[in-house]
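Trainee: This is the structure I have questions about; it appears just below.
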Amino acid sequence: MPSTIVLKRRINSIRSTRQITKAMELVSASKLRRAQVIALRSRDYQQLAYEFLQRLGSIPEAETHPMFAKRKINKRLYVVITSNSGLAGAYNANVHKQLLIALKRDQQESVGSQVIMIGNKGASFVRRIEKVNLLAVYQPFGDQPTADSIRPLLNNVLQHYNDGLSEAIEIIYTSFISTINQRVIEMELLPVAKPNKDKDFTSNVTFEPDVETVIQQVTTRLIEAQLWQAILESLASEHAMRMVATKNATDNANELIDDYTLALNTARQAAITQELAEITGGAEALNG
């Protein structure tokens, strides 16, 4: 059994760690509340924007537009959202796993894979993968991202697609469902998915000033909404998983402190018993 000095040092060390994890848990909980409100508030708009994109795709004039036209895929670009820091449970690992599945599928289909990564954790992971072209790395957009902050990323993605450097663009991110439930999503960003053929999306619709102008100007904004929502969902998911991970670490620290405190008390009692036995033995030796 370790000595009382060693046990005291371990308890003090764990208490210091517990203070750090508890502080991180409280910070993550505060950030999660803000990120959750923002993500949920804009989710309905994102869904409506996606439906409207599909409506535009059902227009005959959109079939020849680069953002809607289907092309033979030789290269596929992935926009992957991870974090800059760890201590977030399986947040980054889940995204990495989904990316590996997508890359393996591309390899089987003889499709070249390119990646634009958000977050250093994902960038470090991709650099270790062979035959994958890491085009750019963006830093996370902070706890309160703005549309202006993500516009360089949007322009880069659209320019890459319009120049024909990739025939398809997908985004991999973590969708926030609840504090204890998040799901990694792989969504096709470009070309825009075709609508359900069983539904007529174009009946009784009037475009002003004309169809071509609407397609050219509106499509970019609607794609921006998809990218914007993915970033917000990922941010809320990251804070949720970090809060849960640090809470689990704090609970584990409490359990370790209890175990070591019990061991310390046992060691103290054993030492006291040993001292009493030595005193009693010495007294009996003197009396004899």
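Letters for chains follow the order of the structure tokens (A, B, ...), residue numbers begin at 1 for each chain, and ligand numbers begin at 1 in the order shown.
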Skip range 1-10 of chain A itself and residues of its chain fewer than 2 positions away, then list as a PDB file with C-alpha atoms, in the first residue's frame all residues within 10 Å of it, counting only C-alpha atoms.
Mentor:
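What ended up in result-v8.pdb:
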```pdb
ATOM      1  CA  ASN A  12      -3.983  17.103  -3.942  1.00  0.00           C
ATOM      2  CA  SER A  13      -3.061  16.515  -7.581  1.00  0.00           C
ATOM      3  CA  ILE A  14      -6.499  15.130  -8.412  1.00  0.00           C
ATOM      4  CA  ARG A  15      -8.184  18.036  -6.609  1.00  0.00           C
ATOM      5  CA  SER A  16      -6.229  20.488  -8.771  1.00  0.00           C
ATOM      6  CA  LEU A 256     -10.701   8.843  -7.245  1.00  0.00           C
ATOM      7  CA  ILE A 257     -10.528  11.308  -4.358  1.00  0.00           C
ATOM      8  CA  TYR A 260      -7.656   7.585  -2.187  1.00  0.00           C
ATOM      9  CA  THR A 261      -9.154   9.184   0.933  1.00  0.00           C
ATOM     10  CA  LEU A 262     -10.370   5.757   2.037  1.00  0.00           C
ATOM     11  CA  ALA A 263      -6.934   4.308   1.335  1.00  0.00           C
ATOM     12  CA  LEU A 264      -5.325   7.201   3.271  1.00  0.00           C
ATOM     13  CA  ASN A 265      -7.557   6.596   6.290  1.00  0.00           C
ATOM     14  CA  THR A 266      -6.796   2.881   6.125  1.00  0.00           C
ATOM     15  CA  ALA A 267      -3.065   3.600   5.977  1.00  0.00           C
ATOM     16  CA  ARG A 268      -3.347   5.957   8.959  1.00  0.00           C
ATOM     17  CA  ALA A 271       0.136   3.073  11.176  1.00  0.00           C
TER      18      ALA A 271
END
```
Trainee: Could you list, as a ChimeraX atom specification, every residue within 7 Å of range 230-234 of chain A, counting only C-alpha atoms and ignoring same-chain residues fewer than 2 positions away?
Mentor: /A:39,173-176,226-228,236-238
Trainee: Using N, CA and C atoms, can you export the residues from the last selection as a PDB file, in the first residue's frame?
Mentor:
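See again38.pdb below for the written result:
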```pdb
ATOM      1  N   ALA A  39     -28.214  28.092 -33.043  1.00  0.00           N
ATOM      2  CA  ALA A  39     -28.353  27.005 -34.012  1.00  0.00           C
ATOM      3  C   ALA A  39     -29.822  26.642 -34.231  1.00  0.00           C
ATOM      4  N   TYR A 173     -20.149  17.565 -41.140  1.00  0.00           N
ATOM      5  CA  TYR A 173     -20.248  18.331 -39.899  1.00  0.00           C
ATOM      6  C   TYR A 173     -21.033  17.521 -38.868  1.00  0.00           C
ATOM      7  N   THR A 174     -21.144  18.033 -37.660  1.00  0.00           N
ATOM      8  CA  THR A 174     -21.850  17.362 -36.579  1.00  0.00           C
ATOM      9  C   THR A 174     -23.145  18.099 -36.293  1.00  0.00           C
ATOM     10  N   SER A 175     -24.258  17.408 -36.455  1.00  0.00           N
ATOM     11  CA  SER A 175     -25.571  18.000 -36.227  1.00  0.00           C
ATOM     12  C   SER A 175     -25.940  17.895 -34.748  1.00  0.00           C
ATOM     13  N   PHE A 176     -26.400  19.005 -34.197  1.00  0.00           N
ATOM     14  CA  PHE A 176     -26.782  19.040 -32.784  1.00  0.00           C
ATOM     15  C   PHE A 176     -28.225  18.573 -32.640  1.00  0.00           C
ATOM     16  N   GLN A 226     -26.729  26.954 -46.088  1.00  0.00           N
ATOM     17  CA  GLN A 226     -26.409  25.568 -45.741  1.00  0.00           C
ATOM     18  C   GLN A 226     -25.063  25.503 -45.008  1.00  0.00           C
ATOM     19  N   LEU A 227     -24.082  26.216 -45.524  1.00  0.00           N
ATOM     20  CA  LEU A 227     -22.763  26.221 -44.902  1.00  0.00           C
ATOM     21  C   LEU A 227     -22.806  26.898 -43.534  1.00  0.00           C
ATOM     22  N   TRP A 228     -23.541  27.976 -43.446  1.00  0.00           N
ATOM     23  CA  TRP A 228     -23.674  28.730 -42.195  1.00  0.00           C
ATOM     24  C   TRP A 228     -24.312  27.871 -41.107  1.00  0.00           C
ATOM     25  N   ALA A 236     -22.386  24.139 -31.646  1.00  0.00           N
ATOM     26  CA  ALA A 236     -23.209  23.690 -30.519  1.00  0.00           C
ATOM     27  C   ALA A 236     -22.845  22.266 -30.108  1.00  0.00           C
ATOM     28  N   SER A 237     -22.586  21.407 -31.082  1.00  0.00           N
ATOM     29  CA  SER A 237     -22.219  20.019 -30.788  1.00  0.00           C
ATOM     30  C   SER A 237     -20.883  19.949 -30.053  1.00  0.00           C
ATOM     31  N   GLU A 238     -19.940  20.768 -30.493  1.00  0.00           N
ATOM     32  CA  GLU A 238     -18.619  20.766 -29.836  1.00  0.00           C
ATOM     33  C   GLU A 238     -18.738  21.165 -28.370  1.00  0.00           C
TER      34      GLU A 238
END
```
Trainee: Can you check which parts of range 147-217 of chain A lie within 12 Å of range 113-125 of chain A? Per residue, the shortest pair of atoms and distance in Å to one decimal, counting only C-alpha atoms, sorted by chain and number, as a Markdown table.
Mentor:
```
| residue | atom | partner | partner_atom | distance |
| --- | --- | --- | --- | --- |
| A:Ile150 | CA | A:Ile118 | CA | 10.8 |
| A:Leu153 | CA | A:Ile116 | CA | 9.0 |
| A:Leu154 | CA | A:Ile116 | CA | 11.1 |
| A:Asn156 | CA | A:Ile116 | CA | 9.5 |
| A:Val157 | CA | A:Ile116 | CA | 8.5 |
| A:His160 | CA | A:Ile116 | CA | 10.8 |
| A:Tyr161 | CA | A:Gln114 | CA | 11.8 |
| A:Leu165 | CA | A:Gln114 | CA | 9.7 |
| A:Ser166 | CA | A:Gln114 | CA | 8.3 |
| A:Glu167 | CA | A:Ser113 | CA | 10.9 |
| A:Ala168 | CA | A:Ser113 | CA | 10.2 |
| A:Ile169 | CA | A:Gln114 | CA | 9.3 |
| A:Glu170 | CA | A:Val115 | CA | 9.6 |
| A:Ile171 | CA | A:Ile116 | CA | 9.4 |
| A:Ile172 | CA | A:Met117 | CA | 9.8 |
| A:Tyr173 | CA | A:Ile118 | CA | 10.0 |
```
Trainee: Determine, counting only C-alpha atoms, which protein, DNA and RNA residues have an atom within 9 Å of an atom of Thr21 in chain A; residues of the same chain fewer than 6 positions away are not included. Present the result as a list of chain:residue names.
Mentor: A:Ala245, A:Thr246, A:Lys247, A:Asn248, A:Ala249, A:Thr250
Trainee: Could the residues in this selection be written to a file with N, CA and C atoms, as a compact mmCIF listing (two decimals), in the first residue's frame?
Mentor:
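As a result, again12.txt now contains:
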```txt
# COMPACT_ATOMS: atom_id res chain seq x y z
N ALA A 245 -17.87 15.71 -21.57
CA ALA A 245 -16.57 15.10 -21.32
C ALA A 245 -15.93 15.64 -20.04
N THR A 246 -15.98 16.95 -19.85
CA THR A 246 -15.39 17.53 -18.64
C THR A 246 -16.20 17.18 -17.40
N LYS A 247 -17.51 17.04 -17.54
CA LYS A 247 -18.33 16.61 -16.40
C LYS A 247 -17.96 15.18 -15.99
N ASN A 248 -17.78 14.32 -16.98
CA ASN A 248 -17.36 12.95 -16.68
C ASN A 248 -15.99 12.93 -16.02
N ALA A 249 -15.10 13.81 -16.48
CA ALA A 249 -13.77 13.88 -15.85
C ALA A 249 -13.87 14.36 -14.41
N THR A 250 -14.75 15.33 -14.16
CA THR A 250 -14.94 15.80 -12.78
C THR A 250 -15.52 14.71 -11.90
```
Trainee: CA of Val132 in chain A and CA of Ile101 in chain A, how far apart in Å?
Mentor: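 One can read the CA of Ile101 in chain A to CA of Val132 in chain A distance as 13.2 Å.
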Trainee: Work out how far apart CA of Gln46 in chain A and CA of Pro152 in chain A are and give it in Å to one decimal.
Mentor: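 Distance between the two atoms: 19.7 Å.
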Trainee: Just the residues within 6 Å of range 88-95 of chain A, please, counting only C-alpha atoms, with nothing from its chain fewer than 3 positions along; format it as a PyMOL selection string.
Mentor: chain A and resi 82+98+241-242+245
Trainee: Write the residues of the selection above to a file with C-alpha atoms, as a PDB file, in the first residue's frame.
Mentor:
```pdb
ATOM      1  CA  THR A  82     -13.602  20.025 -36.645  1.00  0.00           C
ATOM      2  CA  GLN A  98     -17.021   9.721 -41.409  1.00  0.00           C
ATOM      3  CA  MET A 241     -19.591  17.151 -26.090  1.00  0.00           C
ATOM      4  CA  ARG A 242     -16.910  19.132 -24.263  1.00  0.00           C
ATOM      5  CA  ALA A 245     -16.569  15.097 -21.319  1.00  0.00           C
TER       6      ALA A 245
END
```
Trainee: Which value, in Å to one decimal, gives the distance between CA of Phe68 in chain A and CA of Arg183 in chain A?
Mentor: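 So the answer is 27.2 Å.
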Trainee: Taking into account only C-alpha atoms, which residue in the set A:Leu134, A:Asn252, A:Glu278, A:Val192 is nearest to Gly57 in chain A?
Mentor: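 Closest to Gly57 in chain A of all the choices is A:Val192.
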Trainee: Could you give me, as a PyMOL selection string, each residue of range 136-240 of chain A that DSSP assigns to strand (DSSP E) when run on this structure's backbone?
Mentor: chain A and resi 136-138+168-178+181-190
Trainee: I need the chosen residues saved as an mmCIF file, in the first residue's frame, with N, CA and C atoms.
Mentor:
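Below is the file part_16.cif, written as the result:
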```
data_model
loop_
_atom_site.group_PDB
_atom_site.id
_atom_site.type_symbol
_atom_site.label_atom_id
_atom_site.label_comp_id
_atom_site.auth_asym_id
_atom_site.auth_seq_id
_atom_site.Cartn_x
_atom_site.Cartn_y
_atom_site.Cartn_z
ATOM 1 N N ALA A 136 -6.832 23.687 -48.129
ATOM 2 C CA ALA A 136 -6.767 24.854 -47.244
ATOM 3 C C ALA A 136 -7.202 24.450 -45.848
ATOM 4 N N VAL A 137 -6.739 25.234 -44.868
ATOM 5 C CA VAL A 137 -7.126 25.036 -43.468
ATOM 6 C C VAL A 137 -7.624 26.370 -42.935
ATOM 7 N N TYR A 138 -8.838 26.382 -42.417
ATOM 8 C CA TYR A 138 -9.419 27.574 -41.822
ATOM 9 C C TYR A 138 -9.512 27.390 -40.313
ATOM 10 N N ALA A 168 -17.993 17.800 -57.573
ATOM 11 C CA ALA A 168 -18.956 17.650 -56.480
ATOM 12 C C ALA A 168 -18.322 18.166 -55.194
ATOM 13 N N ILE A 169 -19.138 18.776 -54.361
ATOM 14 C CA ILE A 169 -18.673 19.304 -53.077
ATOM 15 C C ILE A 169 -19.607 18.806 -51.988
ATOM 16 N N GLU A 170 -19.033 18.238 -50.945
ATOM 17 C CA GLU A 170 -19.810 17.757 -49.806
ATOM 18 C C GLU A 170 -19.269 18.383 -48.535
ATOM 19 N N ILE A 171 -20.146 18.514 -47.558
ATOM 20 C CA ILE A 171 -19.762 19.069 -46.273
ATOM 21 C C ILE A 171 -20.010 18.021 -45.193
ATOM 22 N N ILE A 172 -19.027 17.837 -44.323
ATOM 23 C CA ILE A 172 -19.130 16.884 -43.219
ATOM 24 C C ILE A 172 -19.087 17.678 -41.924
ATOM 25 N N TYR A 173 -20.149 17.565 -41.140
ATOM 26 C CA TYR A 173 -20.248 18.331 -39.899
ATOM 27 C C TYR A 173 -21.033 17.521 -38.868
ATOM 28 N N THR A 174 -21.144 18.033 -37.660
ATOM 29 C CA THR A 174 -21.850 17.362 -36.579
ATOM 30 C C THR A 174 -23.145 18.099 -36.293
ATOM 31 N N SER A 175 -24.258 17.408 -36.455
ATOM 32 C CA SER A 175 -25.571 18.000 -36.227
ATOM 33 C C SER A 175 -25.940 17.895 -34.748
ATOM 34 N N PHE A 176 -26.400 19.005 -34.197
ATOM 35 C CA PHE A 176 -26.782 19.040 -32.784
ATOM 36 C C PHE A 176 -28.225 18.573 -32.640
ATOM 37 N N ILE A 177 -28.413 17.503 -31.871
ATOM 38 C CA ILE A 177 -29.754 16.977 -31.598
ATOM 39 C C ILE A 177 -30.160 17.307 -30.173
ATOM 40 N N SER A 178 -29.296 16.990 -29.233
ATOM 41 C CA SER A 178 -29.516 17.331 -27.830
ATOM 42 C C SER A 178 -28.165 17.381 -27.146
ATOM 43 N N ASN A 181 -26.764 13.951 -27.419
ATOM 44 C CA ASN A 181 -26.940 13.262 -28.694
ATOM 45 C C ASN A 181 -26.562 14.187 -29.842
ATOM 46 N N GLN A 182 -25.519 13.805 -30.584
ATOM 47 C CA GLN A 182 -25.106 14.526 -31.781
ATOM 48 C C GLN A 182 -24.818 13.502 -32.878
ATOM 49 N N ARG A 183 -25.002 13.907 -34.110
ATOM 50 C CA ARG A 183 -24.837 12.977 -35.231
ATOM 51 C C ARG A 183 -24.026 13.635 -36.345
ATOM 52 N N VAL A 184 -23.041 12.902 -36.855
ATOM 53 C CA VAL A 184 -22.231 13.405 -37.962
ATOM 54 C C VAL A 184 -23.022 13.285 -39.257
ATOM 55 N N ILE A 185 -23.060 14.365 -40.019
ATOM 56 C CA ILE A 185 -23.828 14.446 -41.261
ATOM 57 C C ILE A 185 -22.866 14.654 -42.431
ATOM 58 N N GLU A 186 -23.107 13.922 -43.501
ATOM 59 C CA GLU A 186 -22.401 14.143 -44.763
ATOM 60 C C GLU A 186 -23.438 14.617 -45.780
ATOM 61 N N MET A 187 -23.363 15.871 -46.160
ATOM 62 C CA MET A 187 -24.390 16.480 -47.001
ATOM 63 C C MET A 187 -23.774 16.967 -48.311
ATOM 64 N N GLU A 188 -24.450 16.675 -49.403
ATOM 65 C CA GLU A 188 -24.001 17.151 -50.717
ATOM 66 C C GLU A 188 -24.360 18.621 -50.865
ATOM 67 N N LEU A 189 -23.348 19.440 -51.051
ATOM 68 C CA LEU A 189 -23.557 20.879 -51.175
ATOM 69 C C LEU A 189 -23.729 21.295 -52.628
ATOM 70 N N LEU A 190 -22.881 20.778 -53.500
ATOM 71 C CA LEU A 190 -22.945 21.067 -54.935
ATOM 72 C C LEU A 190 -22.582 19.809 -55.712
#
```
Trainee: As a count of residues only, please: every residue in range 112-206 of chain A that a backbone DSSP assignment puts in alpha helix (DSSP H).
Mentor: 23
Trainee: What's around Thr220 in chain A at 9 Å? Count only C-alpha atoms, leave out sequence neighbours fewer than 5 positions away in its own chain, and write the answer as a JSON list (two decimals) with N, CA and C atoms, in the first residue's frame.
Mentor:
```json
[["chain", "number", "residue", "atom", "x", "y", "z"],
["A", 154, "LEU", "N", -16.83, 30.52, -48.19],
["A", 154, "LEU", "CA", -17.86, 30.32, -49.20],
["A", 154, "LEU", "C", -17.33, 30.68, -50.59],
["A", 158, "LEU", "N", -17.03, 28.10, -53.80],
["A", 158, "LEU", "CA", -17.75, 28.35, -55.05],
["A", 158, "LEU", "C", -16.79, 28.56, -56.22],
["A", 215, "ILE", "N", -31.78, 32.60, -60.35],
["A", 215, "ILE", "CA", -30.88, 31.46, -60.21],
["A", 215, "ILE", "C", -29.47, 31.93, -59.89],
["A", 225, "ALA", "N", -26.46, 29.67, -46.73],
["A", 225, "ALA", "CA", -27.26, 29.29, -45.58],
["A", 225, "ALA", "C", -26.98, 27.86, -45.14]]
```
